[in-house]
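Peer 1: This is the structure I want to talk about, given as structure tokens.
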Amino acid sequence: MAIHLVDSHSHLDMRDFDPDRDEVIARAVAAGVRTIVTVGTDIQSDMKAIALARNYPQVYAAVGIHPHEADRATEADIARLAELAKQPRVVAIGETGLDFYRNYSSREAQHRVLKAQLELAARAGLPIIIHARQAEADIMAVLAEWAHRFPYPEDRPRGVVHCFSGSTDTALKYIEMGFYISFPGTVSYPNSRGPQVAKTLPRDRVLVETDCPFLTHQKHRGSRNEPAYVRLTAETLAAALGEPLEEFAAQTSKNAARLFGFELTTVN
């Protein structure tokens, strides 16, 4: 049985991939990664993500303003983001959220830019990609208020909380609001609780990602991450769940396709 994987969150636009982007994507395909979502972090990054999605059939784009960039985001940027969201092969808004660990932008600005993108996602009919780091109470409150103001049909996913490293209780609260939970290569780290959390979650709400070039799987820790390594994350979680890799990969790919609204490519 062929492997079919989706890397649900990457940053292929970053300069880390400038020397060998073609080879990186070729290695991903060879590893069974059929689809890659490359995620923007500011307007320039968003435009690069769209260009990559236009140039590579395996790639889709998400456009957003990362919380680290919130202090620099203007009303014109939000308006521009709304226009970029209409481009072909754009499948989500984000990443956006709150990061109270780095605090590269003020909390006030992070809240402002997050709320603007949540409203944009609802208007555009696109899922939202959430970054949440040491800001659980605030992000939960913002998302709950948004969910109340913009009710979605039960069969329409709201978005995904990416690079999840929280507790089972927190994950289930996100799921109750209509979110998916995405696990990166950190599930392979010695003290990670990711595999235990994944065991408790509905299988149809779990995704895998690399967040490359960051957060490399333990097997390659210390080197640049890339989409091919999402297979290692899938292997780690499949083993923890006691499932064949092929079945786990197929389920997480189906989940990603439903969330982002793309067709899964045929595996020969």
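A note on labels: chains of the structure tokens are A, B, ... as shown, every chain counts residues from 1, and ligands are counted from 1 in their shown order.
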Can I get the residues of range 131-199 of chain A within 9 Å of range 105-113 of chain A, each with the closest pair of atoms and their distance in Å to one decimal, using only C-alpha atoms, sorted chain first then ascending number, as a Markdown table?
Peer 2:
```
| residue | atom | partner | partner_atom | distance |
| --- | --- | --- | --- | --- |
| A:Asp138 | CA | A:His111 | CA | 8.8 |
| A:Ile139 | CA | A:His111 | CA | 8.8 |
| A:Val142 | CA | A:His111 | CA | 8.3 |
```
Peer 1: Pick out the residues sitting within 7 Å of Arg89 in chain A, and hand them over as a ChimeraX atom specification; count only C-alpha atoms, and ignore anything fewer than 3 positions along from it in its own chain.
Peer 2: /A:53,60-61
Peer 1: Quick one: everything within 10 Å of Lys48 in chain A, counting only C-alpha atoms, minus sequence neighbours fewer than 2 positions away in the same chain. Send it as a PyMOL selection string.
Peer 2: chain A and resi 11-14+38-40+42-46+50-54+61+63
Peer 1: Kindly save the residues from that selection, with C-alpha atoms included, as a PDB file, in the first residue's frame.
Peer 2:
```
ATOM      1  CA  HIS A  11       7.543  27.626   5.428  1.00  0.00           C
ATOM      2  CA  LEU A  12       9.010  26.843   2.028  1.00  0.00           C
ATOM      3  CA  ASP A  13       9.316  30.543   1.203  1.00  0.00           C
ATOM      4  CA  MET A  14      12.104  31.035   3.743  1.00  0.00           C
ATOM      5  CA  THR A  38       3.283  26.534   2.816  1.00  0.00           C
ATOM      6  CA  VAL A  39       2.279  29.197   5.304  1.00  0.00           C
ATOM      7  CA  GLY A  40       2.967  32.919   5.102  1.00  0.00           C
ATOM      8  CA  ASP A  42       3.719  38.620   6.594  1.00  0.00           C
ATOM      9  CA  ILE A  43       2.646  40.179   3.302  1.00  0.00           C
ATOM     10  CA  GLN A  44       5.949  39.533   1.514  1.00  0.00           C
ATOM     11  CA  SER A  45       6.032  35.963   2.798  1.00  0.00           C
ATOM     12  CA  ASP A  46       2.397  35.496   1.746  1.00  0.00           C
ATOM     13  CA  ILE A  50       1.304  32.092  -3.425  1.00  0.00           C
ATOM     14  CA  ALA A  51       4.065  32.064  -6.038  1.00  0.00           C
ATOM     15  CA  LEU A  52       5.292  28.684  -4.787  1.00  0.00           C
ATOM     16  CA  ALA A  53       1.767  27.259  -4.920  1.00  0.00           C
ATOM     17  CA  ARG A  54       1.503  28.541  -8.475  1.00  0.00           C
ATOM     18  CA  ALA A  61      -0.599  28.428   0.232  1.00  0.00           C
ATOM     19  CA  VAL A  63      -1.688  33.777   3.860  1.00  0.00           C
TER      20      VAL A  63
END
```
Peer 1: I need the helix (DSSP H, G or I) residues of range 91-258 of chain A per DSSP on the backbone, written as a PyMOL selection string.
Peer 2: chain A and resi 107-124+136-149+168-176+185-188+194-200+203-205+218-220+227-241+245-258
Peer 1: Write the selection just made, keeping C-alpha atoms, as a compact mmCIF listing (two decimals), in the first residue's frame?
Peer 2:
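Dumped to out39.txt:
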```txt
# COMPACT_ATOMS: atom_id res chain seq x y z
CA ARG A 107 0.15 41.86 23.30
CA GLU A 108 -2.25 44.60 22.26
CA ALA A 109 -1.03 44.44 18.65
CA GLN A 110 -1.14 40.64 18.64
CA HIS A 111 -4.77 40.70 19.77
CA ARG A 112 -5.68 43.31 17.17
CA VAL A 113 -4.08 41.46 14.26
CA LEU A 114 -5.44 38.09 15.37
CA LYS A 115 -9.02 39.40 15.58
CA ALA A 116 -8.74 41.05 12.16
CA GLN A 117 -7.62 37.76 10.60
CA LEU A 118 -10.32 35.76 12.36
CA GLU A 119 -12.94 38.07 10.88
CA LEU A 120 -11.30 37.81 7.47
CA ALA A 121 -11.32 34.00 7.63
CA ALA A 122 -15.02 33.98 8.45
CA ARG A 123 -15.85 36.39 5.62
CA ALA A 124 -13.67 34.55 3.12
CA GLU A 136 -3.72 29.64 26.33
CA ALA A 137 -6.20 31.67 28.39
CA ASP A 138 -6.14 34.61 26.00
CA ILE A 139 -6.38 32.56 22.83
CA MET A 140 -9.23 30.47 24.20
CA ALA A 141 -11.18 33.59 25.11
CA VAL A 142 -10.64 35.18 21.71
CA LEU A 143 -11.59 32.02 19.82
CA ALA A 144 -14.68 31.42 21.94
CA GLU A 145 -15.89 34.97 21.29
CA TRP A 146 -15.18 34.58 17.57
CA ALA A 147 -17.02 31.26 17.43
CA HIS A 148 -20.04 32.91 19.07
CA ARG A 149 -20.04 35.83 16.61
CA THR A 168 -5.37 16.58 26.28
CA ASP A 169 -7.89 18.84 27.99
CA THR A 170 -6.73 21.85 25.99
CA ALA A 171 -6.77 19.90 22.72
CA LEU A 172 -10.31 18.71 23.34
CA LYS A 173 -11.47 22.26 24.02
CA TYR A 174 -10.08 23.33 20.66
CA ILE A 175 -11.75 20.37 18.98
CA GLU A 176 -15.09 21.26 20.57
CA GLY A 185 8.41 16.61 14.82
CA THR A 186 8.67 17.52 18.50
CA VAL A 187 6.48 14.47 19.25
CA SER A 188 9.73 12.51 18.91
CA GLY A 194 2.39 14.60 22.12
CA PRO A 195 2.03 10.86 21.49
CA GLN A 196 0.00 10.41 24.69
CA VAL A 197 -2.24 13.34 23.79
CA ALA A 198 -2.72 12.06 20.25
CA LYS A 199 -3.97 8.73 21.60
CA THR A 200 -6.91 10.46 23.26
CA ARG A 203 -8.55 10.34 14.67
CA ASP A 204 -10.47 12.56 12.25
CA ARG A 205 -9.11 15.70 13.93
CA GLN A 218 14.69 13.86 16.78
CA LYS A 219 16.32 11.72 14.09
CA HIS A 220 17.65 14.86 12.36
CA PRO A 227 8.72 18.41 4.28
CA ALA A 228 10.08 14.89 3.70
CA TYR A 229 10.55 14.57 7.45
CA VAL A 230 6.81 14.71 8.09
CA ARG A 231 6.97 11.00 7.37
CA LEU A 232 9.10 10.55 10.50
CA THR A 233 6.49 12.37 12.59
CA ALA A 234 3.78 10.15 11.13
CA GLU A 235 5.87 7.08 11.92
CA THR A 236 6.36 8.21 15.53
CA LEU A 237 2.65 8.82 16.08
CA ALA A 238 1.50 5.71 14.23
CA ALA A 239 3.77 3.59 16.40
CA ALA A 240 2.48 5.27 19.57
CA LEU A 241 -1.11 4.69 18.46
CA LEU A 245 1.78 3.85 9.05
CA GLU A 246 -0.23 3.57 5.83
CA GLU A 247 -3.54 3.85 7.69
CA PHE A 248 -2.41 6.72 9.90
CA ALA A 249 -0.99 8.59 6.90
CA ALA A 250 -4.18 8.08 4.92
CA GLN A 251 -6.35 9.34 7.78
CA THR A 252 -4.30 12.45 8.47
CA SER A 253 -4.18 13.23 4.75
CA LYS A 254 -7.95 12.87 4.50
CA ASN A 255 -8.26 15.20 7.50
CA ALA A 256 -6.03 17.81 5.89
CA ALA A 257 -7.93 17.65 2.60
CA ARG A 258 -11.21 18.18 4.41
```
Peer 1: With distances taken over only C-alpha atoms, which residue among A:Ala30, A:Pro88, A:Ala2, A:Ile128 lies nearest Gly64 in chain A?
Peer 2: A:Ile128
Peer 1: Please provide as a PDB file with N, CA and C atoms, in the first residue's frame all residues within 12 Å of Phe17 in chain A, with the sequence filter that same-chain residues fewer than 2 positions apart are discarded (counting only C-alpha atoms).
Peer 2:
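To be explicit, this is the file written out as selection-v1.pdb:
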```
ATOM      1  N   SER A  10       4.255  24.230   6.554  1.00  0.00           N
ATOM      2  CA  SER A  10       5.673  24.424   6.257  1.00  0.00           C
ATOM      3  C   SER A  10       5.902  25.893   5.932  1.00  0.00           C
ATOM      4  N   HIS A  11       7.177  26.259   5.818  1.00  0.00           N
ATOM      5  CA  HIS A  11       7.543  27.626   5.428  1.00  0.00           C
ATOM      6  C   HIS A  11       8.564  27.548   4.294  1.00  0.00           C
ATOM      7  N   LEU A  12       8.116  27.045   3.163  1.00  0.00           N
ATOM      8  CA  LEU A  12       9.010  26.843   2.028  1.00  0.00           C
ATOM      9  C   LEU A  12       9.518  28.145   1.422  1.00  0.00           C
ATOM     10  N   ASP A  13       8.867  29.262   1.757  1.00  0.00           N
ATOM     11  CA  ASP A  13       9.316  30.543   1.203  1.00  0.00           C
ATOM     12  C   ASP A  13      10.608  31.034   1.850  1.00  0.00           C
ATOM     13  N   MET A  14      10.970  30.492   2.999  1.00  0.00           N
ATOM     14  CA  MET A  14      12.104  31.035   3.743  1.00  0.00           C
ATOM     15  C   MET A  14      13.423  30.805   3.014  1.00  0.00           C
ATOM     16  N   ARG A  15      14.361  31.688   3.276  1.00  0.00           N
ATOM     17  CA  ARG A  15      15.646  31.665   2.553  1.00  0.00           C
ATOM     18  C   ARG A  15      16.425  30.384   2.796  1.00  0.00           C
ATOM     19  N   PRO A  19      18.715  27.612  -1.718  1.00  0.00           N
ATOM     20  CA  PRO A  19      19.728  26.883  -2.512  1.00  0.00           C
ATOM     21  C   PRO A  19      19.207  25.618  -3.187  1.00  0.00           C
ATOM     22  N   ASP A  20      18.144  24.987  -2.636  1.00  0.00           N
ATOM     23  CA  ASP A  20      17.792  23.650  -3.141  1.00  0.00           C
ATOM     24  C   ASP A  20      16.298  23.352  -3.034  1.00  0.00           C
ATOM     25  N   ARG A  21      15.453  24.346  -3.263  1.00  0.00           N
ATOM     26  CA  ARG A  21      14.010  24.163  -3.083  1.00  0.00           C
ATOM     27  C   ARG A  21      13.456  23.046  -3.968  1.00  0.00           C
ATOM     28  N   ASP A  22      13.894  22.981  -5.209  1.00  0.00           N
ATOM     29  CA  ASP A  22      13.425  21.915  -6.103  1.00  0.00           C
ATOM     30  C   ASP A  22      13.755  20.544  -5.535  1.00  0.00           C
ATOM     31  N   GLU A  23      14.968  20.396  -5.040  1.00  0.00           N
ATOM     32  CA  GLU A  23      15.394  19.108  -4.491  1.00  0.00           C
ATOM     33  C   GLU A  23      14.626  18.773  -3.210  1.00  0.00           C
ATOM     34  N   VAL A  24      14.339  19.795  -2.396  1.00  0.00           N
ATOM     35  CA  VAL A  24      13.568  19.589  -1.169  1.00  0.00           C
ATOM     36  C   VAL A  24      12.189  19.031  -1.496  1.00  0.00           C
ATOM     37  N   ILE A  25      11.534  19.616  -2.482  1.00  0.00           N
ATOM     38  CA  ILE A  25      10.198  19.153  -2.856  1.00  0.00           C
ATOM     39  C   ILE A  25      10.276  17.761  -3.477  1.00  0.00           C
ATOM     40  N   LEU A  52       4.878  30.087  -4.881  1.00  0.00           N
ATOM     41  CA  LEU A  52       5.292  28.684  -4.787  1.00  0.00           C
ATOM     42  C   LEU A  52       4.132  27.756  -5.123  1.00  0.00           C
ATOM     43  N   CYS A 212       8.687  23.295   8.980  1.00  0.00           N
ATOM     44  CA  CYS A 212      10.050  23.491   8.483  1.00  0.00           C
ATOM     45  C   CYS A 212      10.264  24.929   8.017  1.00  0.00           C
ATOM     46  N   PRO A 213      11.469  25.431   8.224  1.00  0.00           N
ATOM     47  CA  PRO A 213      12.720  24.735   8.544  1.00  0.00           C
ATOM     48  C   PRO A 213      12.957  24.506  10.045  1.00  0.00           C
ATOM     49  N   PHE A 214      11.934  24.712  10.862  1.00  0.00           N
ATOM     50  CA  PHE A 214      12.081  24.592  12.315  1.00  0.00           C
ATOM     51  C   PHE A 214      11.632  23.209  12.805  1.00  0.00           C
ATOM     52  N   ARG A 224      18.494  21.348   9.372  1.00  0.00           N
ATOM     53  CA  ARG A 224      17.318  21.991   8.792  1.00  0.00           C
ATOM     54  C   ARG A 224      16.182  20.982   8.626  1.00  0.00           C
ATOM     55  N   ASN A 225      14.996  21.374   9.008  1.00  0.00           N
ATOM     56  CA  ASN A 225      13.821  20.538   8.773  1.00  0.00           C
ATOM     57  C   ASN A 225      13.332  20.738   7.336  1.00  0.00           C
ATOM     58  N   GLU A 226      12.629  19.737   6.799  1.00  0.00           N
ATOM     59  CA  GLU A 226      12.061  19.854   5.460  1.00  0.00           C
ATOM     60  C   GLU A 226      10.856  18.926   5.356  1.00  0.00           C
ATOM     61  N   PRO A 227       9.984  19.155   4.346  1.00  0.00           N
ATOM     62  CA  PRO A 227       8.721  18.414   4.283  1.00  0.00           C
ATOM     63  C   PRO A 227       8.852  16.898   4.273  1.00  0.00           C
TER      64      PRO A 227
END
```
Peer 1: In Å to one decimal, how far is CA of Pro127 in chain A from CA of Thr265 in chain A?
Peer 2: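 Going from CA of Thr265 in chain A over to CA of Pro127 in chain A covers 20.7 Å.
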Peer 1: Please determine, counting only C-alpha atoms, which residue among A:Glu83, A:Glu95, A:Asp18, A:Asp211 has the shortest atom-to-atom distance to Gly159 in chain A.
Peer 2: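 Distance minimum relative to Gly159 in chain A lands on A:Glu95.
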Peer 1: Going by DSSP on the backbone, which bits of range 75-135 of chain A are strand (DSSP E)? Write them as a PyMOL selection string, please.
Peer 2: chain A and resi 90-99+128-133
Peer 1: Just the number, please: distance in Å from CA of Val6 in chain A to CA of Ala28 in chain A, one decimal.
Peer 2: 9.8 Å
Peer 1: Ranking A:Thr216, A:Thr210, A:Ser165, A:Thr35 by minimum distance to Asn191 in chain A and counting only C-alpha atoms, which one comes first?
Peer 2: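 Of A:Thr216, A:Thr210, A:Ser165, A:Thr35, the one nearest Asn191 in chain A, counting only C-alpha atoms, is A:Ser165.
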